[in-house]
>>> print(open('target-v5.txt').read())   # compact mmCIF, C-alpha atoms and all ligand atoms
# COMPACT_ATOMS: atom_id res chain seq x y z
CA MET A 327 0.00 0.00 0.00
CA THR A 328 1.31 3.48 -0.79
CA VAL A 329 0.17 6.14 1.58
CA ASP A 330 -1.24 9.29 0.01
CA LEU A 331 0.87 12.22 1.26
CA SER A 332 -0.83 14.86 -0.87
CA THR A 333 -1.87 18.09 0.75
CA ARG A 334 -3.49 21.39 -0.10
CA TRP A 335 -1.62 24.56 0.83
CA LEU A 336 -2.27 28.16 -0.28
CA GLY A 337 -4.58 26.73 -2.92
CA PHE A 338 -1.95 24.39 -4.42
CA GLU A 339 -2.43 20.64 -4.62
CA LEU A 340 0.95 19.37 -3.50
CA LYS A 341 2.18 15.80 -3.87
CA ASN A 342 3.62 15.88 -0.36
CA PRO A 343 3.82 18.30 2.59
CA PHE A 344 7.56 19.14 2.53
CA VAL A 345 8.56 22.64 1.50
CA PRO A 346 12.08 24.08 1.77
CA SER A 347 11.58 27.38 3.55
CA SER A 348 13.08 30.74 2.76
CA SER A 349 16.87 30.31 2.78
CA PRO A 350 20.01 30.68 0.65
CA LEU A 351 19.20 27.27 -0.90
CA SER A 352 17.07 29.08 -3.50
CA LYS A 353 19.94 31.37 -4.54
CA ASP A 354 21.38 28.76 -6.87
CA VAL A 355 19.28 27.03 -9.52
CA ALA A 356 21.27 23.77 -9.39
CA THR A 357 20.78 23.57 -5.62
CA ALA A 358 17.08 24.29 -5.97
CA ARG A 359 16.84 21.54 -8.59
CA GLN A 360 18.42 19.11 -6.12
CA LEU A 361 15.65 20.00 -3.68
CA GLU A 362 13.02 19.30 -6.31
CA ASP A 363 14.73 16.03 -7.32
CA ASN A 364 14.66 14.92 -3.69
CA GLY A 365 10.94 15.55 -3.42
CA ALA A 366 10.39 19.20 -2.42
CA ALA A 367 6.73 19.90 -3.16
CA ALA A 368 7.18 23.68 -3.46
CA LEU A 369 9.97 26.15 -2.78
CA ILE A 370 9.95 29.38 -0.79
CA MET A 371 12.64 31.75 -2.03
CA TYR A 372 15.05 33.76 0.10
CA SER A 373 13.61 37.17 0.94
CA LEU A 374 13.74 40.41 -0.93
CA PHE A 375 14.09 42.97 1.86
CA GLU A 376 12.40 46.33 2.22
CA GLU A 377 15.83 47.81 3.02
CA GLU A 378 17.27 46.45 -0.25
CA ILE A 379 14.44 47.91 -2.34
CA GLU A 380 14.66 51.27 -0.61
CA ALA A 381 18.45 51.48 -0.88
CA GLU A 382 18.10 50.79 -4.59
CA GLU A 383 15.47 53.50 -5.03
CA THR A 384 17.66 56.01 -3.17
CA ARG A 385 20.64 55.07 -5.33
CA ALA A 386 18.60 55.47 -8.54
CA HIS A 387 17.39 58.84 -7.32
CA GLU A 388 20.92 60.03 -6.51
CA LEU A 389 22.21 58.82 -9.85
CA ALA A 390 19.44 60.64 -11.70
CA GLU A 391 20.22 63.84 -9.80
CA PHE A 392 23.93 63.49 -10.50
CA GLN A 393 23.27 63.08 -14.22
CA ASP A 394 20.72 65.92 -14.24
CA ILE A 395 23.03 68.52 -12.76
CA GLY A 396 25.66 67.47 -15.34
CA HIS A 397 29.20 66.57 -14.52
CA GLY A 398 30.59 66.97 -17.99
CA GLU A 399 32.48 64.10 -19.49
CA ALA A 400 32.54 62.13 -16.23
CA SER A 401 28.80 61.44 -16.33
CA SER A 402 29.09 59.68 -19.70
CA TYR A 403 31.19 56.99 -17.99
CA LEU A 404 28.53 56.40 -15.37
CA PRO A 405 26.17 53.50 -15.96
CA THR A 406 22.52 54.46 -16.13
CA HIS A 407 20.15 53.06 -13.53
CA ALA A 408 18.85 50.57 -16.08
CA GLU A 409 22.36 49.19 -16.51
CA LEU A 410 22.89 48.60 -12.79
CA PRO A 411 21.19 45.42 -11.72
CA GLY A 412 19.99 46.13 -8.20
CA HIS A 413 18.70 43.69 -5.61
CA ARG A 414 15.17 43.84 -6.92
CA ASP A 415 16.14 43.06 -10.51
CA GLN A 416 18.50 40.30 -9.42
CA TYR A 417 15.70 38.84 -7.34
CA LEU A 418 13.26 38.93 -10.25
CA GLU A 419 15.88 37.35 -12.51
CA GLN A 420 16.48 34.53 -10.02
CA LEU A 421 12.72 34.01 -9.71
CA ARG A 422 12.45 33.67 -13.52
CA ARG A 423 15.37 31.23 -13.57
CA LEU A 424 13.78 29.10 -10.86
CA LYS A 425 10.45 29.15 -12.67
CA ASP A 426 12.14 28.03 -15.91
CA ALA A 427 14.14 25.26 -14.27
CA LEU A 428 11.65 23.79 -11.79
CA ASP A 429 8.12 22.41 -12.06
CA ILE A 430 7.08 22.95 -8.42
CA PRO A 431 5.35 26.15 -7.23
CA ILE A 432 7.79 28.94 -6.39
CA ILE A 433 6.82 31.23 -3.55
CA ALA A 434 8.59 34.58 -3.46
CA SER A 435 9.30 36.21 -0.12
CA LEU A 436 8.98 39.88 0.76
CA ASN A 437 10.48 40.93 4.06
CA GLY A 438 9.84 44.30 5.67
CA THR A 439 8.29 46.12 8.58
CA THR A 440 6.80 49.42 7.43
CA LEU A 441 3.92 50.31 5.17
CA GLY A 442 5.83 51.88 2.29
CA GLY A 443 6.54 51.92 -1.41
CA TRP A 444 8.44 48.61 -1.25
CA VAL A 445 5.13 46.74 -1.03
CA ARG A 446 4.31 47.85 -4.59
CA HIS A 447 7.18 45.71 -5.88
CA ALA A 448 4.95 42.70 -5.28
CA GLN A 449 3.43 43.44 -8.70
CA ALA A 450 6.78 42.94 -10.42
CA ILE A 451 7.20 39.68 -8.48
CA ALA A 452 3.80 38.52 -9.71
CA GLU A 453 4.69 39.48 -13.29
CA ALA A 454 7.98 37.58 -13.04
CA GLY A 455 5.94 34.42 -12.45
CA ALA A 456 5.80 33.80 -8.68
CA ASP A 457 3.05 31.33 -7.80
CA ALA A 458 2.51 32.89 -4.37
CA LEU A 459 4.03 35.34 -1.92
CA GLU A 460 5.21 34.97 1.62
CA LEU A 461 5.19 38.19 3.63
CA ASN A 462 7.67 38.15 6.48
CA VAL A 463 7.26 40.99 8.97
CA TYR A 464 10.38 40.31 11.04
CA TYR A 465 10.12 43.03 13.63
CA VAL A 466 11.77 43.24 17.01
CA ALA A 467 9.61 45.51 19.18
CA ALA A 468 12.57 47.30 20.76
CA ASP A 469 10.88 50.71 20.94
CA ILE A 470 9.32 50.73 24.41
CA THR A 471 7.04 53.65 23.52
CA GLU A 472 5.24 51.63 20.84
CA ASP A 473 2.30 49.55 22.02
CA GLY A 474 1.37 46.06 20.86
CA ALA A 475 -1.81 47.18 19.09
CA ALA A 476 0.22 49.50 16.82
CA ILE A 477 2.58 46.68 15.90
CA GLU A 478 -0.32 44.35 15.08
CA GLN A 479 -2.02 47.05 13.06
CA ARG A 480 1.09 47.55 10.97
CA VAL A 481 1.24 43.88 10.05
CA VAL A 482 -2.44 43.99 9.03
CA ASP A 483 -1.91 47.21 7.04
CA ILE A 484 1.09 45.84 5.14
CA LEU A 485 -0.83 42.68 4.30
CA ALA A 486 -3.90 44.66 3.21
CA GLU A 487 -1.76 46.81 0.90
CA LEU A 488 -0.08 43.71 -0.52
CA ARG A 489 -3.54 42.23 -1.12
CA ARG A 490 -4.46 45.37 -3.09
CA GLN A 491 -1.33 44.99 -5.21
CA VAL A 492 -1.59 41.33 -6.21
CA THR A 493 -4.10 38.53 -6.58
CA LEU A 494 -1.50 35.84 -5.78
CA PRO A 495 -2.03 33.68 -2.71
CA ILE A 496 -0.30 35.31 0.27
CA GLY A 497 1.05 33.57 3.34
CA VAL A 498 2.14 35.66 6.32
CA LYS A 499 5.16 34.50 8.29
CA LEU A 500 4.51 35.65 11.83
CA SER A 501 6.61 36.17 14.90
CA PRO A 502 5.51 34.21 17.98
CA ASN A 503 5.67 37.33 20.15
CA PHE A 504 2.15 38.67 19.70
CA SER A 505 0.01 38.72 22.79
CA SER A 506 -2.91 37.13 20.94
CA VAL A 507 -1.63 35.10 18.01
CA GLY A 508 -5.11 33.72 17.25
CA HIS A 509 -6.77 37.11 17.17
CA LEU A 510 -4.11 38.46 14.83
CA ALA A 511 -4.54 35.37 12.65
CA LYS A 512 -8.26 36.15 12.32
CA ARG A 513 -7.56 39.77 11.43
CA LEU A 514 -5.07 38.71 8.78
CA GLU A 515 -7.61 36.32 7.33
CA GLN A 516 -10.14 39.15 7.12
CA ALA A 517 -7.52 41.38 5.47
CA GLY A 518 -6.99 38.83 2.68
CA ALA A 519 -4.25 36.44 3.80
CA ASN A 520 -4.47 32.87 2.51
CA GLY A 521 -2.10 31.27 4.95
CA LEU A 522 0.13 31.62 7.96
CA THR A 523 3.67 30.39 8.39
CA LEU A 524 4.38 29.82 12.06
CA PHE A 525 6.86 31.04 13.26
CA ASN A 526 9.62 33.38 12.33
CA ARG A 527 12.68 32.33 14.28
CA PHE A 528 14.37 35.33 15.86
CA TYR A 529 18.12 35.28 15.82
CA GLN A 530 19.20 35.94 19.37
CA PRO A 531 22.36 37.96 19.87
CA ASP A 532 24.75 36.44 22.40
CA ILE A 533 27.73 37.92 24.23
CA ASP A 534 31.31 36.83 23.65
CA LEU A 535 32.94 37.01 27.08
CA ASP A 536 36.47 37.12 25.61
CA SER A 537 35.96 40.15 23.42
CA LEU A 538 32.99 41.57 25.34
CA ALA A 539 31.37 42.05 21.96
CA ILE A 540 27.96 41.03 20.73
CA ASP A 541 28.14 37.64 19.06
CA GLN A 542 25.74 37.59 16.15
CA SER A 543 26.49 34.13 14.84
CA LEU A 544 23.54 32.26 13.46
CA ARG A 545 22.63 29.00 15.19
CA LEU A 546 20.54 26.46 13.42
CA SER A 547 17.45 25.08 15.13
CA ASN A 548 16.91 21.68 16.70
CA SER A 549 13.82 19.51 17.17
CA GLY A 550 13.05 21.09 20.56
CA ASP A 551 12.28 24.36 18.74
CA ALA A 552 9.33 22.70 16.98
CA LEU A 553 7.19 22.74 20.11
CA LEU A 554 6.43 26.44 19.75
CA ALA A 555 4.77 26.16 16.35
CA MET A 556 3.10 22.87 17.30
CA ARG A 557 1.06 24.45 20.07
CA TRP A 558 -0.17 27.34 17.96
CA ILE A 559 -0.95 25.24 14.94
CA ALA A 560 -2.97 22.98 17.24
CA ILE A 561 -4.88 25.98 18.61
CA LEU A 562 -5.55 27.54 15.20
CA HIS A 563 -6.42 24.39 13.24
CA GLY A 564 -10.13 24.39 12.40
CA ARG A 565 -10.61 27.87 13.83
CA VAL A 566 -9.27 29.91 10.94
CA GLY A 567 -9.81 29.51 7.23
CA LEU A 568 -6.08 29.82 6.54
CA SER A 569 -3.51 27.32 5.30
CA LEU A 570 -1.05 26.54 8.06
CA ALA A 571 2.65 26.04 7.39
CA ALA A 572 4.95 25.00 10.21
CA THR A 573 8.44 26.43 10.32
CA GLY A 574 11.08 26.12 13.03
CA GLY A 575 12.62 22.95 14.36
CA VAL A 576 11.35 20.35 11.89
CA HIS A 577 14.31 18.00 11.48
CA THR A 578 12.91 14.47 11.57
CA ALA A 579 9.87 12.54 10.35
CA GLN A 580 8.68 12.51 13.99
CA ASP A 581 8.82 16.33 14.17
CA ALA A 582 6.86 16.59 10.93
CA LEU A 583 4.26 14.01 12.01
CA LYS A 584 3.60 15.96 15.19
CA MET A 585 3.05 19.14 13.14
CA PHE A 586 0.54 17.30 10.92
CA LEU A 587 -1.24 15.79 13.94
CA CYS A 588 -1.64 19.35 15.24
CA GLY A 589 -3.04 20.47 11.88
CA ALA A 590 -0.20 21.78 9.70
CA ASP A 591 -0.81 21.59 5.95
CA VAL A 592 2.91 21.61 5.19
CA SER A 593 6.17 21.45 7.12
CA CYS A 594 8.83 23.88 6.02
CA LEU A 595 12.46 22.90 6.36
CA CYS A 596 15.51 25.08 6.59
CA SER A 597 18.08 24.15 9.28
CA ALA A 598 17.60 20.44 8.59
CA LEU A 599 18.38 20.93 4.89
CA LEU A 600 21.26 23.33 5.49
CA ALA A 601 22.85 20.89 7.93
CA SER A 602 22.06 17.56 6.27
CA GLY A 603 21.59 18.22 2.55
CA PRO A 604 18.72 17.58 0.15
CA GLU A 605 18.46 13.85 0.96
CA ARG A 606 16.86 14.87 4.25
CA LEU A 607 13.69 15.53 2.22
CA ARG A 608 13.58 11.91 1.08
CA GLU A 609 14.25 10.68 4.61
CA LEU A 610 11.33 12.70 5.93
CA HIS A 611 9.08 11.58 3.10
CA ASN A 612 9.93 7.91 3.69
CA GLY A 613 9.80 8.25 7.47
CA VAL A 614 6.34 9.83 7.43
CA SER A 615 5.02 7.29 4.88
CA GLU A 616 6.33 4.36 6.92
CA TRP A 617 4.86 5.64 10.15
CA LEU A 618 1.47 6.25 8.55
CA GLU A 619 1.46 2.83 6.99
CA ALA A 620 2.53 1.11 10.22
CA ASN A 621 -0.30 2.90 12.01
CA ASP A 622 -2.93 1.99 9.39
CA TYR A 623 -3.47 5.43 7.89
CA GLU A 624 -4.26 5.54 4.19
CA SER A 625 -3.46 9.21 3.81
CA LEU A 626 -1.91 12.17 5.55
CA GLN A 627 -5.29 13.85 5.29
CA GLN A 628 -6.77 11.19 7.57
CA LEU A 629 -4.35 12.09 10.34
CA ARG A 630 -4.17 15.85 9.90
CA GLY A 631 -5.42 17.81 12.88
CA SER A 632 -6.45 14.75 14.88
CA LEU A 633 -4.53 16.11 17.86
CA SER A 634 -5.42 19.75 17.27
CA GLN A 635 -6.96 21.46 20.24
CA GLN A 636 -10.48 20.92 18.93
CA HIS A 637 -9.97 17.18 18.52
CA CYS A 638 -7.50 16.02 21.11
CA PRO A 639 -8.77 14.31 24.28
CA ASP A 640 -7.01 16.86 26.50
CA PRO A 641 -7.59 20.32 24.94
CA VAL A 642 -6.43 22.21 28.03
CA ALA A 643 -2.97 20.70 27.52
CA PHE A 644 -2.44 23.44 24.93
CA GLU A 645 -3.40 26.15 27.41
CA ARG A 646 -2.76 26.93 31.05
CA GLY A 647 -4.73 23.89 32.16
CA ASN A 648 -2.06 21.38 33.12
CA TYR A 649 0.57 23.94 33.98
CA MET A 650 0.28 23.62 37.76
CA GLN A 651 0.24 19.80 37.71
CA ILE A 652 3.21 19.69 35.33
CA LEU A 653 5.26 21.92 37.62
CA SER A 654 4.29 20.01 40.72
CA ARG A 655 5.03 16.62 39.09
CA TYR A 656 8.64 17.60 38.45
CA LYS A 657 11.08 15.43 40.47
CA LEU A 658 14.51 16.69 41.41
CA PRO A 659 17.17 14.55 39.69
CA ALA A 660 18.52 12.13 42.33
CA LYS A 661 22.06 12.40 40.93
CA ALA A 662 22.22 16.10 41.76
CA TRP A 663 20.09 16.14 44.93
CA SER A 664 20.52 13.36 47.40
C1 LIG A 701 20.82 30.96 6.74
C2 LIG A 701 19.34 31.27 6.86
C3 LIG A 701 18.76 32.18 6.00
C4 LIG A 701 17.41 32.49 6.11
N1 LIG A 701 16.86 33.41 5.26
C5 LIG A 701 15.56 33.73 5.38
C6 LIG A 701 14.97 34.70 4.54
O1 LIG A 701 15.61 35.28 3.64
N2 LIG A 701 13.65 35.00 4.72
C7 LIG A 701 12.89 34.37 5.67
O2 LIG A 701 11.68 34.64 5.77
N3 LIG A 701 13.42 33.44 6.48
C8 LIG A 701 14.73 33.13 6.37
N4 LIG A 701 15.27 32.19 7.21
C9 LIG A 701 14.40 31.53 8.22
C10 LIG A 701 13.94 30.15 7.74
O3 LIG A 701 13.13 30.24 6.58
C11 LIG A 701 13.15 29.41 8.82
O4 LIG A 701 11.89 30.03 9.01
C12 LIG A 701 13.86 29.34 10.16
O5 LIG A 701 15.24 28.99 9.96
C13 LIG A 701 13.23 28.29 11.06
O6 LIG A 701 13.15 27.04 10.42
P1 LIG A 701 14.21 25.84 10.69
O7 LIG A 701 14.13 25.48 12.11
O8 LIG A 701 13.78 24.74 9.76
O9 LIG A 701 15.57 26.39 10.34
C14 LIG A 701 16.62 31.87 7.11
C15 LIG A 701 17.22 30.93 7.98
C16 LIG A 701 18.55 30.63 7.87
C17 LIG A 701 19.15 29.62 8.80
>>> encode(input="target-v5.txt", output="structure tokens")
Amino acid sequence: MTVDLSTRWLGFELKNPFVPSSSPLSKDVATARQLEDNGAAALIMYSLFEEEIEAEETRAHELAEFQDIGHGEASSYLPTHAELPGHRDQYLEQLRRLKDALDIPIIASLNGTTLGGWVRHAQAIAEAGADALELNVYYVAADITEDGAAIEQRVVDILAELRRQVTLPIGVKLSPNFSSVGHLAKRLEQAGANGLTLFNRFYQPDIDLDSLAIDQSLRLSNSGDALLAMRWIAILHGRVGLSLAATGGVHTAQDALKMFLCGADVSCLCSALLASGPERLRELHNGVSEWLEANDYESLQQLRGSLSQQHCPDPVAFERGNYMQILSRYKLPAKAWS
């Protein structure tokens, strides 16, 4: 018996639920093709950043001014704006290359935090052939004068503007640090989102005690990180009309199965692929199929959401419910405390 792993996500019928998430793996067509060959069902591109678009617009503006005021012979040696491929054009070119080389849906990623002109560039992304868009509002609320409602509103406003610009399916990649993730999810649905990607993983600065400098090295995730998205996918499944993509900490077939039990439509993979290579996709595919088969499931669909909050036998486990008992059940390790 072959288990049916097909899934529906952002309106796409995918042959399986494994999607390489936004990462440098989409910067090279040959690498992206390896992902497809190993079973990736769709591909989310690395992000085009608001800062990159705005820097490019400023540069074009300065160049135009420089040429306007006339600098004699020197200006004739300057390339025109059209001759300088900026981040945006390079991004669109890479998107076209990926679309030409791969058969799976390609999801472009826009990354920014303010409601500004950069959002309009979504139209060019749509024209270049993207099948969908992921909006990543990676924002660290470091301004202590700004309240949570304003931050939420900005995410909704950016999404609403993006919705006005394009008809493509849009998934919003959210941070876990909103005080009411579910309420924001509902608002985003009303503002035209088609899916959520849970969650953005914040890169935490550390301190190097030798140099007393901030250590900004990037650490990949591990399976323990998956618990954060699992809870919220379980809470949202069946309560919002949005596709749910899990990101953060999916490394093994077991991690992915837990996400699907909670209600994820797809599991996105980044650290696992960066660390272990494209074959990890096959391992997950086989691992999930084998587990489903061994447990008498005919399809992934049959299992999806069966341990979401609405369906699991102990719904309060996802809330405060068992918190007190869990704390009081903890036993001091005998090795450390005799
Ligand atoms: C090297 C690297 C580059 C990434 N680049 C992006 C990016 O451009 N845009 C984005 O939305 N997420 C980016 N991410 C975040 C991943 O897409 C993913 O959400 C995060 O790493 C958590 O998933 P994981 O535990 O599978 O790594 C990047 C992550 C890494 C490690």
>>> residues_near_ligand(input="target-v5.txt", ligand="ligand LIG 701 (chain A)", cutoff="8 Å", atoms="only C-alpha atoms and all ligand atoms", output="PDB file with C-alpha atoms, keeping the file's coordinate frame")
ATOM      1  CA  PRO A 346      12.080  24.080   1.770  1.00  0.00           C
ATOM      2  CA  SER A 347      11.580  27.380   3.550  1.00  0.00           C
ATOM      3  CA  SER A 348      13.080  30.740   2.760  1.00  0.00           C
ATOM      4  CA  SER A 349      16.870  30.310   2.780  1.00  0.00           C
ATOM      5  CA  PRO A 350      20.010  30.680   0.650  1.00  0.00           C
ATOM      6  CA  MET A 371      12.640  31.750  -2.030  1.00  0.00           C
ATOM      7  CA  TYR A 372      15.050  33.760   0.100  1.00  0.00           C
ATOM      8  CA  SER A 373      13.610  37.170   0.940  1.00  0.00           C
ATOM      9  CA  LEU A 374      13.740  40.410  -0.930  1.00  0.00           C
ATOM     10  CA  SER A 435       9.300  36.210  -0.120  1.00  0.00           C
ATOM     11  CA  LEU A 436       8.980  39.880   0.760  1.00  0.00           C
ATOM     12  CA  ASN A 437      10.480  40.930   4.060  1.00  0.00           C
ATOM     13  CA  GLU A 460       5.210  34.970   1.620  1.00  0.00           C
ATOM     14  CA  LEU A 461       5.190  38.190   3.630  1.00  0.00           C
ATOM     15  CA  ASN A 462       7.670  38.150   6.480  1.00  0.00           C
ATOM     16  CA  TYR A 464      10.380  40.310  11.040  1.00  0.00           C
ATOM     17  CA  LYS A 499       5.160  34.500   8.290  1.00  0.00           C
ATOM     18  CA  PHE A 525       6.860  31.040  13.260  1.00  0.00           C
ATOM     19  CA  ASN A 526       9.620  33.380  12.330  1.00  0.00           C
ATOM     20  CA  ARG A 527      12.680  32.330  14.280  1.00  0.00           C
ATOM     21  CA  LEU A 544      23.540  32.260  13.460  1.00  0.00           C
ATOM     22  CA  ARG A 545      22.630  29.000  15.190  1.00  0.00           C
ATOM     23  CA  LEU A 546      20.540  26.460  13.420  1.00  0.00           C
ATOM     24  CA  SER A 547      17.450  25.080  15.130  1.00  0.00           C
ATOM     25  CA  ASN A 548      16.910  21.680  16.700  1.00  0.00           C
ATOM     26  CA  SER A 549      13.820  19.510  17.170  1.00  0.00           C
ATOM     27  CA  ASP A 551      12.280  24.360  18.740  1.00  0.00           C
ATOM     28  CA  ALA A 552       9.330  22.700  16.980  1.00  0.00           C
ATOM     29  CA  THR A 573       8.440  26.430  10.320  1.00  0.00           C
ATOM     30  CA  GLY A 574      11.080  26.120  13.030  1.00  0.00           C
ATOM     31  CA  GLY A 575      12.620  22.950  14.360  1.00  0.00           C
ATOM     32  CA  VAL A 576      11.350  20.350  11.890  1.00  0.00           C
ATOM     33  CA  HIS A 577      14.310  18.000  11.480  1.00  0.00           C
ATOM     34  CA  CYS A 594       8.830  23.880   6.020  1.00  0.00           C
ATOM     35  CA  LEU A 595      12.460  22.900   6.360  1.00  0.00           C
ATOM     36  CA  CYS A 596      15.510  25.080   6.590  1.00  0.00           C
ATOM     37  CA  SER A 597      18.080  24.150   9.280  1.00  0.00           C
ATOM     38  CA  ALA A 598      17.600  20.440   8.590  1.00  0.00           C
ATOM     39  CA  LEU A 599      18.380  20.930   4.890  1.00  0.00           C
ATOM     40  CA  LEU A 600      21.260  23.330   5.490  1.00  0.00           C
TER      41      LEU A 600
END
>>> residues_near_point(input="target-v5.txt", point="(-7.2, 16.6, 20.9)", cutoff="12 Å", atoms="all atoms listed in the file", output="PDB file with C-alpha atoms, in the frame of the given file")
ATOM      1  CA  ARG A 557       1.060  24.450  20.070  1.00  0.00           C
ATOM      2  CA  ALA A 560      -2.970  22.980  17.240  1.00  0.00           C
ATOM      3  CA  ILE A 561      -4.880  25.980  18.610  1.00  0.00           C
ATOM      4  CA  HIS A 563      -6.420  24.390  13.240  1.00  0.00           C
ATOM      5  CA  GLY A 564     -10.130  24.390  12.400  1.00  0.00           C
ATOM      6  CA  LEU A 587      -1.240  15.790  13.940  1.00  0.00           C
ATOM      7  CA  CYS A 588      -1.640  19.350  15.240  1.00  0.00           C
ATOM      8  CA  GLY A 589      -3.040  20.470  11.880  1.00  0.00           C
ATOM      9  CA  LEU A 629      -4.350  12.090  10.340  1.00  0.00           C
ATOM     10  CA  ARG A 630      -4.170  15.850   9.900  1.00  0.00           C
ATOM     11  CA  GLY A 631      -5.420  17.810  12.880  1.00  0.00           C
ATOM     12  CA  SER A 632      -6.450  14.750  14.880  1.00  0.00           C
ATOM     13  CA  LEU A 633      -4.530  16.110  17.860  1.00  0.00           C
ATOM     14  CA  SER A 634      -5.420  19.750  17.270  1.00  0.00           C
ATOM     15  CA  GLN A 635      -6.960  21.460  20.240  1.00  0.00           C
ATOM     16  CA  GLN A 636     -10.480  20.920  18.930  1.00  0.00           C
ATOM     17  CA  HIS A 637      -9.970  17.180  18.520  1.00  0.00           C
ATOM     18  CA  CYS A 638      -7.500  16.020  21.110  1.00  0.00           C
ATOM     19  CA  PRO A 639      -8.770  14.310  24.280  1.00  0.00           C
ATOM     20  CA  ASP A 640      -7.010  16.860  26.500  1.00  0.00           C
ATOM     21  CA  PRO A 641      -7.590  20.320  24.940  1.00  0.00           C
ATOM     22  CA  VAL A 642      -6.430  22.210  28.030  1.00  0.00           C
ATOM     23  CA  ALA A 643      -2.970  20.700  27.520  1.00  0.00           C
ATOM     24  CA  PHE A 644      -2.440  23.440  24.930  1.00  0.00           C
TER      25      PHE A 644
END
>>> residues_around(input="target-v5.txt", residues="A:Ala366", least_positions_apart="3", cutoff="10 Å", atoms="only C-alpha atoms", output="ChimeraX atom specification")
/A:340-346,358-363,369,430-431,594-595,604,607-608,611
>>> atom_distance(input="target-v5.txt", atom1="atom CA of A:Ala450", atom2="atom CA of A:Arg334")
26.0 Å
>>> closest_residue(input="target-v5.txt", among="A:Leu494, A:Val466, A:Ala367, A:Val614", to="A:Ala579", atoms="all atoms listed in the file")
A:Val614
>>> closest_residue(input="target-v5.txt", among="A:Tyr656, A:Leu500, A:Glu472, A:Asn364", to="A:Glu605", atoms="all atoms listed in the file")
A:Asn364
>>> closest_residue(input="target-v5.txt", among="A:Gly365, A:Pro531, A:Gly438, A:Gly521", to="A:Ile496", atoms="only C-alpha atoms")
A:Gly521
>>> residues_around(input="target-v5.txt", residues="A:Gly518", least_positions_apart="6", cutoff="8 Å", atoms="only C-alpha atoms", output="MDAnalysis selection string")
chainID A and resid 485:486 489 496
>>> write_last_selection(input="target-v5.txt", atoms="C-alpha atoms", output="PDB file, in the frame of the given file")
ATOM      1  CA  LEU A 485      -0.830  42.680   4.300  1.00  0.00           C
ATOM      2  CA  ALA A 486      -3.900  44.660   3.210  1.00  0.00           C
ATOM      3  CA  ARG A 489      -3.540  42.230  -1.120  1.00  0.00           C
ATOM      4  CA  ILE A 496      -0.300  35.310   0.270  1.00  0.00           C
TER       5      ILE A 496
END
>>> closest_residue(input="target-v5.txt", among="A:Leu424, A:Ala452, A:Ile432, A:Leu522", to="A:Asp591", atoms="all atoms listed in the file")
A:Leu522
>>> atom_distance(input="target-v5.txt", atom1="atom CA of A:Leu626", atom2="atom CA of A:Ala427")
28.7 Å
>>> atom_distance(input="target-v5.txt", atom1="atom CA of A:Ile370", atom2="atom CA of A:Val481")
20.1 Å
>>> build_atoms(input="target-v5.txt", residues="stretch 451-462 of chain A", atoms="N, CA and C atoms", output="JSON list (two decimals), in the frame of the given file")
[["chain", "number", "residue", "atom", "x", "y", "z"],
["A", 451, "ILE", "N", 6.97, 41.08, -8.86],
["A", 451, "ILE", "CA", 7.20, 39.68, -8.48],
["A", 451, "ILE", "C", 6.13, 38.79, -9.12],
["A", 452, "ALA", "N", 4.89, 39.28, -9.09],
["A", 452, "ALA", "CA", 3.80, 38.52, -9.71],
["A", 452, "ALA", "C", 4.04, 38.40, -11.21],
["A", 453, "GLU", "N", 4.46, 39.51, -11.84],
["A", 453, "GLU", "CA", 4.69, 39.48, -13.29],
["A", 453, "GLU", "C", 5.85, 38.56, -13.66],
["A", 454, "ALA", "N", 6.82, 38.45, -12.75],
["A", 454, "ALA", "CA", 7.98, 37.58, -13.04],
["A", 454, "ALA", "C", 7.62, 36.10, -12.88],
["A", 455, "GLY", "N", 6.40, 35.81, -12.42],
["A", 455, "GLY", "CA", 5.94, 34.42, -12.45],
["A", 455, "GLY", "C", 5.79, 33.73, -11.11],
["A", 456, "ALA", "N", 5.95, 34.46, -9.99],
["A", 456, "ALA", "CA", 5.80, 33.80, -8.68],
["A", 456, "ALA", "C", 4.41, 33.16, -8.60],
["A", 457, "ASP", "N", 4.35, 32.00, -7.96],
["A", 457, "ASP", "CA", 3.05, 31.33, -7.80],
["A", 457, "ASP", "C", 2.33, 31.84, -6.56],
["A", 458, "ALA", "N", 3.10, 32.35, -5.60],
["A", 458, "ALA", "CA", 2.51, 32.89, -4.37],
["A", 458, "ALA", "C", 3.56, 33.77, -3.72],
["A", 459, "LEU", "N", 3.11, 34.45, -2.66],
["A", 459, "LEU", "CA", 4.03, 35.34, -1.92],
["A", 459, "LEU", "C", 4.01, 34.98, -0.45],
["A", 460, "GLU", "N", 5.17, 35.05, 0.17],
["A", 460, "GLU", "CA", 5.21, 34.97, 1.62],
["A", 460, "GLU", "C", 5.64, 36.35, 2.12],
["A", 461, "LEU", "N", 4.85, 36.90, 3.04],
["A", 461, "LEU", "CA", 5.19, 38.19, 3.63],
["A", 461, "LEU", "C", 5.77, 37.94, 5.01],
["A", 462, "ASN", "N", 7.02, 38.34, 5.19],
["A", 462, "ASN", "CA", 7.67, 38.15, 6.48],
["A", 462, "ASN", "C", 7.85, 39.51, 7.14]]
